[in-house]
>>> print(open('final-v4.txt').read())   # compact mmCIF, C-alpha atoms
# COMPACT_ATOMS: atom_id res chain seq x y z
CA MET L 27 -5.27 154.48 212.67
CA LEU L 28 -7.17 151.76 210.90
CA GLN L 29 -4.74 151.80 207.98
CA ARG L 30 -1.80 151.47 210.36
CA ALA L 31 -3.44 148.49 212.01
CA ILE L 32 -4.07 146.90 208.63
CA ILE L 33 -0.45 147.47 207.56
CA ILE L 34 0.86 145.93 210.77
CA ARG L 35 -1.41 142.95 210.39
CA LEU L 36 -0.36 142.56 206.74
CA MET L 37 3.34 142.61 207.57
CA ASP L 38 2.74 140.17 210.38
CA GLY L 39 0.97 137.74 208.09
CA PHE L 40 3.57 138.26 205.37
CA SER L 41 6.53 137.48 207.62
CA ILE L 42 4.84 134.35 208.98
CA LYS L 43 4.35 133.19 205.39
CA LYS L 44 8.13 132.86 204.85
CA ALA L 45 7.81 131.26 201.39
CA THR L 46 5.31 130.01 198.82
CA LYS L 47 5.61 127.60 195.93
CA ASP L 48 4.94 130.12 193.16
CA LEU L 49 6.65 133.20 194.54
CA GLY L 50 9.51 131.72 196.56
CA TYR L 51 10.87 133.40 199.69
CA CYS L 52 8.95 136.48 200.81
CA LEU L 53 11.44 139.25 201.48
CA ALA L 54 9.55 142.48 202.04
CA VAL L 55 6.32 144.33 201.37
CA THR L 56 6.97 147.32 199.12
CA THR L 57 3.68 149.08 198.52
CA LEU L 58 0.09 148.84 199.63
CA GLU L 59 -2.00 149.31 196.50
CA SER L 60 -5.52 149.26 197.92
CA ILE L 61 -7.62 148.24 200.87
CA GLY L 62 -11.01 146.82 200.01
CA GLU L 63 -14.27 146.92 201.89
CA GLY L 64 -14.25 145.31 205.30
CA LYS L 65 -16.53 142.38 206.03
CA VAL L 66 -17.47 141.50 209.55
CA ARG L 67 -17.06 137.83 210.43
CA GLN L 68 -20.17 136.69 212.14
CA ASN L 69 -18.75 134.20 214.61
CA SER L 70 -15.66 135.97 215.87
CA GLY L 71 -16.46 139.62 215.31
CA ASP L 72 -13.22 140.14 213.33
CA VAL L 73 -13.25 142.33 210.28
CA LEU L 74 -11.80 140.96 207.05
CA PHE L 75 -10.20 143.45 204.65
CA PRO L 76 -9.09 142.31 201.20
CA VAL L 77 -5.75 143.98 200.53
CA VAL L 78 -3.77 144.35 197.31
CA PHE L 79 -0.05 144.89 197.83
CA SER L 80 3.30 144.54 196.11
CA CYS L 81 6.23 142.71 197.57
CA ILE L 82 9.69 141.45 196.72
CA THR L 83 10.26 137.72 196.66
CA PHE L 84 13.20 135.49 195.85
CA ARG L 85 12.70 132.54 193.54
CA ILE L 86 15.08 130.45 191.46
CA TYR L 87 14.35 128.58 188.27
CA ARG L 88 15.83 125.64 186.44
CA GLY L 89 18.37 126.81 183.87
CA GLU L 90 19.17 129.99 185.74
CA ILE L 91 22.74 131.07 186.46
CA LEU L 92 23.36 132.19 190.04
CA GLU L 93 26.19 132.65 192.50
CA GLY L 94 26.29 130.97 195.87
CA VAL L 95 28.62 130.71 198.85
CA VAL L 96 29.96 127.34 199.98
CA HIS L 97 29.09 126.55 203.57
CA LYS L 98 29.60 122.78 203.86
CA ILE L 99 31.93 120.39 202.07
CA LEU L 100 31.27 116.65 202.01
CA LYS L 101 32.91 113.80 200.18
CA HIS L 102 30.19 113.54 197.56
CA GLY L 103 29.44 117.17 197.08
CA VAL L 104 29.15 120.64 198.38
CA PHE L 105 26.32 122.61 199.99
CA LEU L 106 25.89 126.22 198.95
CA ARG L 107 23.88 129.12 200.23
CA CYS L 108 22.29 131.58 197.82
CA GLY L 109 20.32 134.43 199.29
CA PRO L 110 17.73 132.99 201.64
CA ILE L 111 18.14 129.46 200.22
CA GLU L 112 20.27 127.34 202.56
CA ASN L 113 20.29 123.96 200.89
CA ILE L 114 21.70 124.10 197.42
CA TYR L 115 23.48 120.87 196.57
CA LEU L 116 26.32 120.59 194.09
CA SER L 117 27.28 116.97 193.51
CA ASN L 118 30.91 116.02 192.87
CA LYS L 119 29.68 114.41 189.65
CA LYS L 120 28.66 117.83 188.42
CA MET L 121 32.06 119.35 189.19
CA PRO L 122 34.11 118.38 186.15
CA GLY L 123 37.80 118.06 186.95
CA TYR L 124 37.44 118.52 190.70
CA GLU L 125 38.80 116.01 193.23
CA TYR L 126 37.96 115.74 196.91
CA VAL L 127 40.86 116.42 199.26
CA PRO L 128 40.02 115.23 202.78
CA GLY L 129 41.42 116.77 205.90
CA GLU L 130 40.55 119.07 208.74
CA ASN L 131 39.33 121.59 206.18
CA PRO L 132 38.22 119.46 203.24
CA ILE L 133 38.34 121.09 199.81
CA PHE L 134 37.77 120.27 196.17
CA MET L 135 40.81 120.80 193.96
CA ASN L 136 41.19 121.24 190.24
CA GLU L 137 44.38 121.68 188.24
CA LYS L 138 43.08 124.41 185.99
CA MET L 139 40.53 126.18 188.16
CA PRO L 140 40.56 127.78 191.62
CA LYS L 141 39.82 125.40 194.47
CA ILE L 142 36.40 125.09 196.09
CA GLU L 143 36.49 125.49 199.84
CA LYS L 144 34.35 127.06 202.54
CA ASP L 145 33.20 130.63 201.89
CA VAL L 146 34.16 130.53 198.22
CA VAL L 147 31.70 132.14 195.80
CA VAL L 148 30.72 129.75 193.03
CA ARG L 149 28.73 130.47 189.86
CA PHE L 150 26.44 127.57 188.93
CA ILE L 151 23.51 126.58 186.78
CA VAL L 152 20.34 125.31 188.44
CA ILE L 153 19.39 121.86 187.17
CA GLY L 154 16.52 121.22 189.53
CA GLU L 155 14.58 122.93 192.26
CA LYS L 156 11.90 121.86 194.70
CA TYR L 157 9.63 123.53 197.19
CA ILE L 158 9.25 121.69 200.48
CA GLU L 159 5.88 122.57 201.98
CA ALA L 160 6.65 121.15 205.44
CA GLN L 161 9.67 123.34 206.04
CA ARG L 162 8.46 126.14 203.77
CA GLU L 163 11.75 126.29 201.95
CA LEU L 164 13.23 125.91 198.51
CA GLN L 165 15.94 123.42 197.74
CA ALA L 166 17.96 123.12 194.58
CA VAL L 167 20.43 120.89 192.81
CA VAL L 168 23.02 122.68 190.71
CA SER L 169 25.88 121.97 188.34
CA LEU L 170 29.15 123.45 187.16
CA GLU L 171 29.04 121.79 183.78
CA GLY L 172 29.27 124.61 181.31
CA ASP L 173 31.44 127.50 180.22
CA PHE L 174 32.10 130.36 182.62
CA LEU L 175 30.85 128.35 185.61
CA GLY L 176 32.81 127.60 188.77
CA PRO L 177 34.50 129.65 191.50
CA VAL L 178 34.55 133.38 190.86
CA SER L 179 36.92 135.85 192.39
CA MET F 25 19.91 85.52 172.62
CA ALA F 26 17.33 83.03 171.33
CA GLU F 27 16.24 82.08 174.85
CA LYS F 28 15.68 85.67 175.66
CA GLY F 29 13.70 86.20 172.52
CA GLU F 30 10.42 86.29 174.37
CA LYS F 31 11.35 89.40 176.21
CA GLY F 32 11.87 91.15 172.98
CA PHE F 33 15.59 91.61 173.25
CA SER F 34 16.36 89.38 170.33
CA LEU F 35 16.77 91.68 167.41
CA SER F 36 15.40 89.51 164.66
CA ASN F 37 12.30 88.33 166.52
CA GLY F 38 11.41 91.71 167.87
CA GLY F 39 12.03 93.33 164.53
CA LYS F 40 9.77 91.00 162.65
CA SER F 41 6.78 91.31 164.92
CA SER F 42 6.85 95.07 164.99
CA LEU F 43 7.27 95.31 161.24
CA LYS F 44 4.10 93.32 160.73
CA SER F 45 1.66 95.45 162.65
CA PRO F 46 3.25 98.18 164.73
CA ALA F 47 0.02 100.11 165.23
CA SER F 48 -2.02 97.27 166.64
CA PHE F 49 0.85 96.10 168.81
CA LYS F 50 1.15 99.48 170.37
CA GLY F 51 -2.56 99.75 171.01
CA LYS F 52 -2.64 96.40 172.71
CA ASP F 53 0.20 97.16 175.03
CA ASP F 54 -0.91 100.62 175.99
CA SER F 55 -3.98 99.18 177.64
CA THR F 56 -1.92 97.12 180.07
CA ALA F 57 -0.38 98.59 183.18
CA LYS F 58 2.96 100.30 182.84
CA SER F 59 5.12 97.22 183.14
CA LYS F 60 7.65 95.47 180.98
CA ARG F 61 5.12 94.92 178.19
CA GLY F 62 4.51 98.59 177.74
CA ARG F 63 8.21 99.20 177.50
CA LYS F 64 8.66 96.43 175.02
CA VAL F 65 6.65 98.34 172.47
CA GLN F 66 9.03 101.23 172.52
CA PHE F 67 11.89 98.84 172.30
CA ASP F 68 10.51 97.07 169.30
CA ALA F 69 10.03 100.26 167.40
CA GLU F 70 13.72 101.02 167.80
CA GLU F 71 14.79 97.47 167.19
CA ALA F 72 12.89 97.46 163.92
CA LYS F 73 15.05 100.29 162.62
CA ILE F 74 18.28 98.85 163.98
CA SER F 75 17.64 95.27 162.92
CA MET F 76 17.68 96.31 159.27
CA SER F 77 21.22 97.59 159.52
CA SER F 78 22.46 94.87 161.84
CA LYS F 79 21.33 92.11 159.47
CA SER F 80 23.42 93.53 156.71
CA GLY F 81 26.37 94.24 158.96
CA GLY F 82 26.54 90.79 160.47
CA LYS F 83 27.75 89.87 163.94
CA VAL F 84 30.10 92.80 164.37
CA ASP F 85 27.27 95.29 164.31
CA LYS F 86 25.18 93.61 166.99
CA PRO F 87 26.90 94.87 170.14
CA VAL F 88 26.98 98.37 168.69
CA ALA F 89 23.35 98.11 167.68
CA ARG F 90 22.46 96.86 171.14
CA GLY F 91 24.39 99.73 172.62
CA LEU F 92 22.45 102.15 170.44
CA ILE F 93 19.15 100.62 171.51
CA PHE F 94 20.07 100.98 175.15
CA LEU F 95 21.13 104.56 174.54
CA LEU F 96 17.81 105.39 172.89
CA PHE F 97 15.94 103.48 175.59
CA PHE F 98 17.62 105.41 178.36
CA TRP F 99 16.95 108.65 176.57
CA ARG F 100 13.28 107.84 176.15
CA LEU F 101 12.30 106.23 179.39
CA GLY F 102 14.91 107.27 181.91
CA GLN F 103 15.72 104.86 184.68
CA ARG F 104 12.83 102.41 184.38
CA GLY F 105 14.47 99.91 182.08
CA LYS F 106 17.68 99.47 184.06
CA GLY F 107 16.64 96.24 185.76
CA ASP F 108 15.90 94.56 182.46
CA LYS F 109 19.17 95.52 180.96
CA ILE F 110 21.27 94.06 183.72
CA ALA F 111 19.29 90.83 183.65
CA ASN F 112 19.51 90.20 179.95
CA GLY F 113 22.42 92.03 178.47
CA GLY F 114 25.31 91.43 180.81
CA GLU F 115 28.04 92.60 178.47
CA VAL F 116 26.64 95.84 177.29
CA PRO F 117 29.17 98.13 175.73
CA VAL F 118 29.41 101.29 177.79
CA VAL F 119 27.80 104.03 175.77
CA LYS F 120 28.14 107.57 177.00
CA ALA F 121 24.75 109.05 177.74
CA PRO F 122 24.02 112.32 175.94
CA PRO F 123 24.99 115.33 178.05
CA PRO F 124 21.87 116.06 180.08
CA LEU F 125 22.15 119.82 179.81
CA GLU F 126 21.63 119.69 176.06
CA LEU F 127 18.14 118.39 176.55
CA LYS F 128 17.49 120.92 179.20
CA ILE F 129 18.50 123.80 177.01
CA GLU F 130 15.35 123.31 175.00
CA HIS F 131 13.37 123.59 178.19
CA ALA F 132 15.38 126.56 179.37
CA ILE F 133 13.48 128.75 176.97
CA GLU F 134 10.36 128.03 178.99
CA ILE F 135 11.78 128.84 182.42
CA TRP F 136 10.66 132.40 182.35
CA ALA F 137 7.19 131.30 181.39
CA GLU F 138 6.85 129.87 184.89
CA LEU F 139 6.74 133.36 186.40
CA PRO F 140 3.27 134.14 187.77
CA GLU F 141 1.34 136.61 185.64
CA ASN F 142 1.41 139.50 188.02
CA ALA F 143 5.12 139.10 188.79
CA LYS F 144 7.92 141.16 187.32
CA CYS F 145 11.52 140.04 187.10
CA LEU F 146 13.88 142.43 188.87
CA MET F 147 17.61 142.66 188.47
CA ASP F 148 19.80 142.24 191.54
CA CYS F 149 20.77 145.91 191.49
CA GLU F 150 17.16 147.07 191.40
CA ALA F 151 16.18 144.70 194.21
CA ALA F 152 19.18 145.87 196.24
CA GLU F 153 18.07 149.49 195.87
CA ILE F 154 14.55 148.75 197.08
CA LEU F 155 15.63 146.53 199.96
CA GLN F 156 18.25 149.06 201.01
CA GLY F 157 15.55 151.70 201.21
CA ILE F 158 13.50 149.48 203.46
CA GLN F 159 16.48 148.77 205.66
CA GLU F 160 17.10 152.47 206.15
CA GLN F 161 13.60 152.74 207.51
CA MET F 162 14.16 149.65 209.62
CA VAL F 163 15.44 151.70 212.53
CA ILE F 164 12.11 153.52 212.77
CA LEU F 165 10.15 150.35 212.10
CA SER F 166 11.92 148.24 214.68
CA GLU F 167 11.03 150.70 217.44
CA ASP F 168 7.49 149.45 217.12
CA PRO F 169 7.42 145.91 218.57
CA ALA F 170 4.27 145.01 216.68
CA ILE F 171 5.99 145.29 213.28
CA LYS F 172 7.64 142.09 212.10
CA ILE F 173 10.21 141.83 209.35
CA PRO F 174 10.46 138.58 207.37
CA ILE F 175 13.33 136.28 208.31
CA SER F 176 14.67 136.08 204.78
CA PHE F 177 14.96 139.85 204.45
CA ASP F 178 18.56 140.13 205.65
CA ARG F 179 19.78 137.27 203.53
CA GLY F 180 17.95 138.60 200.52
CA LEU F 181 19.46 142.06 200.97
CA GLN F 182 22.95 140.65 201.44
CA TYR F 183 22.64 138.59 198.26
CA ALA F 184 21.25 141.45 196.20
CA LYS F 185 24.01 143.81 197.34
CA ARG F 186 26.72 141.33 196.49
CA GLY F 187 25.18 140.63 193.12
CA SER F 188 24.79 144.24 192.08
CA HIS F 189 28.00 145.67 190.69
CA TYR F 190 26.58 148.72 188.94
CA ILE F 191 26.57 152.36 189.98
CA SER F 192 23.03 153.16 188.87
CA PRO F 193 20.27 150.57 188.44
CA HIS F 194 18.19 152.98 186.37
CA SER F 195 20.85 153.36 183.70
CA VAL F 196 21.32 149.60 183.59
CA ARG F 197 17.59 149.17 183.07
CA ARG F 198 17.68 151.73 180.25
CA VAL F 199 20.56 150.01 178.51
CA LEU F 200 19.02 146.58 178.74
CA ASP F 201 15.54 147.72 177.79
CA ALA F 202 17.00 148.45 174.39
CA LEU F 203 17.59 144.72 174.12
CA LYS F 204 13.92 144.05 174.69
CA LEU F 205 13.23 145.51 171.29
CA HIS F 206 15.01 142.47 169.91
CA ASN F 207 12.60 140.11 171.67
CA VAL F 208 14.79 139.37 174.65
CA SER F 209 12.54 138.50 177.58
CA ASP F 210 12.50 140.17 180.99
CA GLY F 211 14.07 137.18 182.67
CA GLU F 212 16.89 136.94 180.12
CA VAL F 213 17.63 140.65 180.54
CA SER F 214 17.81 140.26 184.31
CA MET F 215 20.11 137.30 184.00
CA ILE F 216 22.48 139.22 181.71
CA ALA F 217 22.60 142.10 184.19
CA ASN F 218 23.13 139.85 187.20
CA VAL F 219 25.91 137.82 185.63
CA GLY F 220 27.77 140.93 184.42
CA PRO F 221 29.35 139.27 181.40
CA GLU F 222 32.55 140.54 179.87
CA SER F 223 32.00 139.22 176.38
CA VAL F 224 29.19 138.36 174.03
CA GLU F 225 30.32 134.72 174.02
CA GLU F 226 29.80 134.60 177.77
CA VAL F 227 26.24 135.80 177.31
CA PHE F 228 25.44 133.11 174.76
CA ALA F 229 27.06 130.43 176.92
CA LEU F 230 25.14 131.40 180.04
CA VAL F 231 21.81 132.30 178.45
CA PRO F 232 21.34 129.47 175.97
CA SER F 233 17.85 130.55 175.02
CA LEU F 234 19.41 133.47 173.13
CA LYS F 235 21.44 131.16 170.91
CA GLY F 236 18.60 130.93 168.46
CA LYS F 237 18.86 134.63 167.65
CA LYS F 238 22.65 134.74 167.76
CA SER F 239 23.18 136.55 164.49
CA LYS F 240 20.60 139.24 165.21
CA LEU F 241 21.63 139.83 168.79
CA ARG F 242 25.40 139.95 168.46
CA GLU F 243 25.63 143.66 167.63
CA PRO F 244 23.01 144.97 170.09
CA LEU F 245 24.49 142.78 172.83
CA LYS F 246 27.98 144.08 172.18
CA ASP F 247 26.75 147.67 172.42
CA ALA F 248 24.84 146.90 175.61
CA LEU F 249 27.86 145.22 177.21
CA ASP F 250 30.11 148.16 176.32
CA GLN F 251 27.68 150.55 177.98
CA LEU F 252 27.31 148.28 181.01
CA ALA F 253 31.06 148.14 181.43
CA LYS F 254 31.08 151.91 181.90
CA LEU F 255 28.34 151.65 184.50
CA LYS F 256 30.14 149.06 186.59
CA HIS F 257 31.65 149.89 189.95
CA SER F 258 35.34 150.52 189.77
CA THR F 259 36.64 147.86 192.16
>>> encode(input="final-v4.txt", output="structure tokens")
Amino acid sequence: MLQRAIIIRLMDGFSIKKATKDLGYCLAVTTLESIGEGKVRQNSGDVLFPVVFSCITFRIYRGEILEGVVHKILKHGVFLRCGPIENIYLSNKKMPGYEYVPGENPIFMNEKMPKIEKDVVVRFIVIGEKYIEAQRELQAVVSLEGDFLGPVS
Amino acid sequence: MAEKGEKGFSLSNGGKSSLKSPASFKGKDDSTAKSKRGRKVQFDAEEAKISMSSKSGGKVDKPVARGLIFLLFFWRLGQRGKGDKIANGGEVPVVKAPPPLELKIEHAIEIWAELPENAKCLMDCEAAEILQGIQEQMVILSEDPAIKIPISFDRGLQYAKRGSHYISPHSVRRVLDALKLHNVSDGEVSMIANVGPESVEEVFALVPSLKGKKSKLREPLKDALDQLAKLKHST
């Protein structure tokens, strides 16, 4: 009964966390390794249990190759979504050979490569990433400069 | 050029002063706040080298030399010097900046060092397996209103599933663990698995930190990729 309460409280706290700077987005708790000795808090009467657990998180690093889905196209670049990260920016300067084609459904066109439009999967390299404490989210700036990068089928 | 000599842009003037006592000059300027003076020291050091060649070359060399200085300056100090350049050197020959990714490749080797100590790098297929297991229990878990699932869970699962194109994560792990014997790090192994490369060249292009051990890794990588190809989903 106590263990169940601890697990529920742990998952509650974990899901509120959403993301941290070192670990990235918190996805799920996998195992509960140990529950330490409880200490009673004098003022409130709560009991504090130190808990050791394992979890899965999602974090990206500079220099990493990932695949993201395009969800917004602007004149100067494209916004991608990769896993839980919503704001991944790919500037038009980092899309060698691609030209902006305005219209109702704007796209980026290239003679030799497939076009970049909404819902296209694109393989990129991360050139910079930042953790925003206020919104508890990761943001990244990526590039297509390199071999084997760009839209994938 | 002579009027602007004070600012250190004049090659001959700048070159002479730095040649005399570079060490003391540097020490003096370091103590001041990071302003133009501090930058001038760096500049002079480069100018000293360039001025030797430009003197022999004559007028023709000067714009090229200036271009080289600006190139080195940009490379060293980034954006800070831009204002100065526009003020003093109006007709600067456009020099192509070195491709930024080349510099970053040296740092790429360190990316996996940023992982916290108690963290392990998982491949997409392994993460998908674990998250899928949790989702299967989700039905039971969601009946209890007190249990909360993190917001990013669905997105994470969706991404992992899309990224994993292998039949069995365990076999993939076995195949790629063999690469670890050749000093390939955990992170690099995960990246190779996630990308699902079709050729060894693709691996070296996408994982530049392996380029250093190209000759040693070519054979083991080829074997690993052949085995991975058999483990891939037939789509």
>>> closest_residue(input="final-v4.txt", among="L:Val152, L:Ile99, L:Leu175, L:Gln29", to="Gly64 in chain L", atoms="all atoms listed in the file")
L:Gln29
>>> interface_residues(input="final-v4.txt", of="chain L", to="chain F", cutoff="9 Å", atoms="only C-alpha atoms", output="JSON, numbers by chain")
{"L": [33, 34, 35, 37, 38, 39, 40, 41, 42, 43, 44, 48, 49, 51, 52, 53, 54, 56, 82, 83, 84, 87, 88, 89, 90, 91, 92, 93, 94, 108, 109, 110, 111, 149, 151, 153, 171, 172, 173, 174, 175]}
>>> closest_residue(input="final-v4.txt", among="L:Asp145, L:Glu63, L:Glu125, L:Glu137", to="Lys98 in chain L", atoms="all atoms listed in the file")
L:Asp145
>>> atom_distance(input="final-v4.txt", atom1="CA of Ile164 in chain F", atom2="CA of Pro193 in chain F")
25.8 Å
>>> atom_distance(input="final-v4.txt", atom1="CA of Gln161 in chain L", atom2="CA of Asn113 in chain L")
11.8 Å
>>> residues_around(input="final-v4.txt", residues="Asp247 in chain F", least_positions_apart="6", cutoff="12 Å", atoms="only C-alpha atoms", output="number ranges by chain")
F: 199-200, 202-203, 222-224, 241, 253-254
>>> atom_distance(input="final-v4.txt", atom1="CA of Ser117 in chain L", atom2="CA of Lys138 in chain L")
19.0 Å
>>> residues_around(input="final-v4.txt", residues="Phe105 in chain L", least_positions_apart="3", cutoff="10 Å", atoms="all atoms listed in the file", output="ChimeraX atom specification")
/L:94-100,112-117,144,166-168
>>> write_last_selection(input="final-v4.txt", atoms="C-alpha atoms", output="compact mmCIF listing (two decimals), in the frame of the given file")
# COMPACT_ATOMS: atom_id res chain seq x y z
CA GLY L 94 26.29 130.97 195.87
CA VAL L 95 28.62 130.71 198.85
CA VAL L 96 29.96 127.34 199.98
CA HIS L 97 29.09 126.55 203.57
CA LYS L 98 29.60 122.78 203.86
CA ILE L 99 31.93 120.39 202.07
CA LEU L 100 31.27 116.65 202.01
CA GLU L 112 20.27 127.34 202.56
CA ASN L 113 20.29 123.96 200.89
CA ILE L 114 21.70 124.10 197.42
CA TYR L 115 23.48 120.87 196.57
CA LEU L 116 26.32 120.59 194.09
CA SER L 117 27.28 116.97 193.51
CA LYS L 144 34.35 127.06 202.54
CA ALA L 166 17.96 123.12 194.58
CA VAL L 167 20.43 120.89 192.81
CA VAL L 168 23.02 122.68 190.71
